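Engineer: Next up is a structure, given as structure tokens.
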Amino acid sequence: MKKYTNTSMTAKKTLKGWGFSSVYIIFSLLFFVYPVVWMLILMFSKWNFIGEPKWNGFHNIVRVLTDGLFWQSILNVFRFMVMYIPLVFISSVLFALGLKKLKYGKTFVALSFFVAQAAPGVAYSIIFSKIFSQDGPMNAFLYEHFGFVIPWFDSPTFAMLSIALIVTWKFVGYYGIILYSGMNAIPQSIYEAADIDGANGVKCFFKITLPLLNSQMVMIMVLAITLAFGVFTEAFLITGGGPLNSTMTPLLVMYNSAFRKLDPTFSATMAVAIAIISYLVIIITRKLIEKEVDLV
Amino acid sequence: MNNKVTKWISAVIVVALFAWYVISIINNKEQGRDPNVLTLWIAPQDVQAQFWSIVVDDWNKSGLGMKVVYNTIQTSGSSEESILNSIVSNTNPDICDNIFAGFVAQLAELKSVQNLKEFEGFDELVKSRQMGTIMKGWEKNGENYVMPMYSNPIMYWWRGDKLKENGWDKPPETYSELIKLAKKVTIPHRQYAIKLFVGRNWWDRWSDFIAYYYAASDGQPYIVDNKASIDNQYSKEILNFYNEAFSNNWSLIDVSISEAFWQGTLLGEIHGPWDIPYAQNTYPEVLKSVIISPVLVPDSHKGLKYTLADTKGLVIFKTCQHPEEAWKFLRWLFSQEKYSMLWLEKTEMPPARGDLMTNPIFQEYYKNHPYSKAYAEYVGTALPPALITNTIDVQQAMTNYIMEPLMYKTGTVDSCLKIATKKINDMLEGNEL
């Protein structure tokens, strides 16, 4: 009798477990497993949205790897990272340090920066395109006071930098709060010991704060790299990938290919290639910067 | 039955009911169209919606055929993308407006649209509207998939007041006249004579390079026998002119400035007749000074001035369960002059018909509408873009290998034409997925 009760209990627990997990499992099957399987099928198929996909061997892989625009978009991702990561990292550190120094209104300031994170991409892209346009307020100010204007979105050199600035604006609050929480976790006693040893503020920052923020920095780097491979709205709405394809991002190439040229198999293959490349970049970055940090 | 079991059964029932509800919504969306209603998608433009609301209302009241329900095309990027998405998700309408030549070539390739020539009375309808010449531009392998609704010649709008201030009583017509004007009026970052590069979208090439090519070549096609036909004297003349204008910063380059013309920063810009109602409401005083004139031509050019026609029309999808009923609606609409007149009144866009300048009903209208008349006068020399499936690729190549290299001085006229021709030919020859 006792045995029967135990079995019944286990069955109930199992049922409960499945019940709780089922939502996640169904969600994953629908929105992750199904698209991934479909993408892998498309990778080896010839299909233009209509009818059944037909086996196409490795043709799509060859097409992607020999496509100039694919490599240009990869290069653009690295150009974006070179501009965006230092910009967003320095700004976020400054923001976190500033927040730490504040005595009053911390929540208000943090929220003020964080609110950019919630801003819809379409809305702020349109606003920034107006602010930075040739007759916009930014250039009007520059022309009025310094006699020159900056072709923010019309120069192949500046266009990607302008997008990096916009994305920095969006993420500085988010990354800053991550760093701020990391700074708060560093025990005050370490700074007190350094003070006794005669270390100044700058030395403390570079020798204590930054090294002990390693896990937050790794997290920010991973987030920033993932973001760099996924830039779309700003480039789509403001520059359209130009000028001279200087802001042509992988997602823009995939979007154009699938929904404008009716070539979803190219996009699916490119998506797999981008996933592999971004994964490799993240692995290498972690190997290079991740360190074991013990605060105790 | 204990309490827990009851709770579990209730939870399962709730989840099952919810799942059934979601599935039924999806099914309804895919298959649950009312079989006794024809769905029509129209361009997302207020003035066009006003026209269609009257037409659809009249048709439904007439009792002559199946009820029609219209909706505007939900555009995220472009109408074409929305229509393609609807085909993929099997939610496309029975009839769709706003279809351009290149897109219909794609739809025909996908075997998604009906050949209208197969319907009874098609030839008579074309004849009655004197659309013979217009329809030739829409033919693909001897078949017609579109009933063209309107044909907008690409034309320039000039600020007459600004021209007068600078001693010009009429707009420039040739390249050298434009250069002369630009030398006089250009103030860097403050005032420009013209915007030669309209934008980075593939469709913007209709308003610059292709329109200029038709104008310079007297309407020669830029794709002949599925090959690019642009590496020639006409293109060289156009691009030498562009090159000179870009090199001397005589053309406004920033494509994000939308009101430059109205604010006086720009003296000449491409506009469509759909901008007439907008200008009447927003800039009525500026509009009074606007002069509409054709696309610029080389100095040696003589005779008629050709341009590109921004022309769009209606298709019947093959998924339509009652194609004869859909055609009955289109035939009823296109056979009545009063609806061509209504279209003109509401949108100011020339209806696609060959008798605009001869039919008294339109002549009367044009007497009081000089801006619309300026467009109507060029309907006869406005040609549609090439009817090819690779429109986007070809026009994107024109951006990437002609317009931008000249603007950013990364290519010469000869190198741009050679590279663009090769790239376009590769695309046209490849033509595969």
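Ordered as shown in the structure tokens, chains take letters A, B, and onward, while each chain numbers its residues from 1 and ligands are numbered from 1 in the order shown.
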Please report as a PyMOL selection string which residues of chain A come no farther than 10 Å from chain B, using only C-alpha atoms.

Structural biologist: chain A and resi 15-16+19+45-51+56+59-60+63+126+129-130+132-136+139-140+143+148-149+151-156+236-245+256-266

Engineer: Considering only C-alpha atoms, return as a ChimeraX atom specification whatever protein or nucleic-acid residues lie within 8 Å of range 114-124 of chain A, sequence-local ones (same chain, fewer than 5 positions apart) excluded.

Structural biologist: /A:169-174,233-234,237

Engineer: With distances taken over only C-alpha atoms, which residue among B:Arg129, B:Lys180, B:Lys164, B:Lys305 lies nearest Ser217 in chain B?

Structural biologist: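 Answer, going by the shortest atom-to-atom distance: B:Lys305.
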
Engineer: What lies within 7 Å of range 62-69 of chain B using only C-alpha atoms, ignoring chain neighbours under 5 positions off, as a PyMOL selection string?

Structural biologist: chain B and resi 36-40+56+325
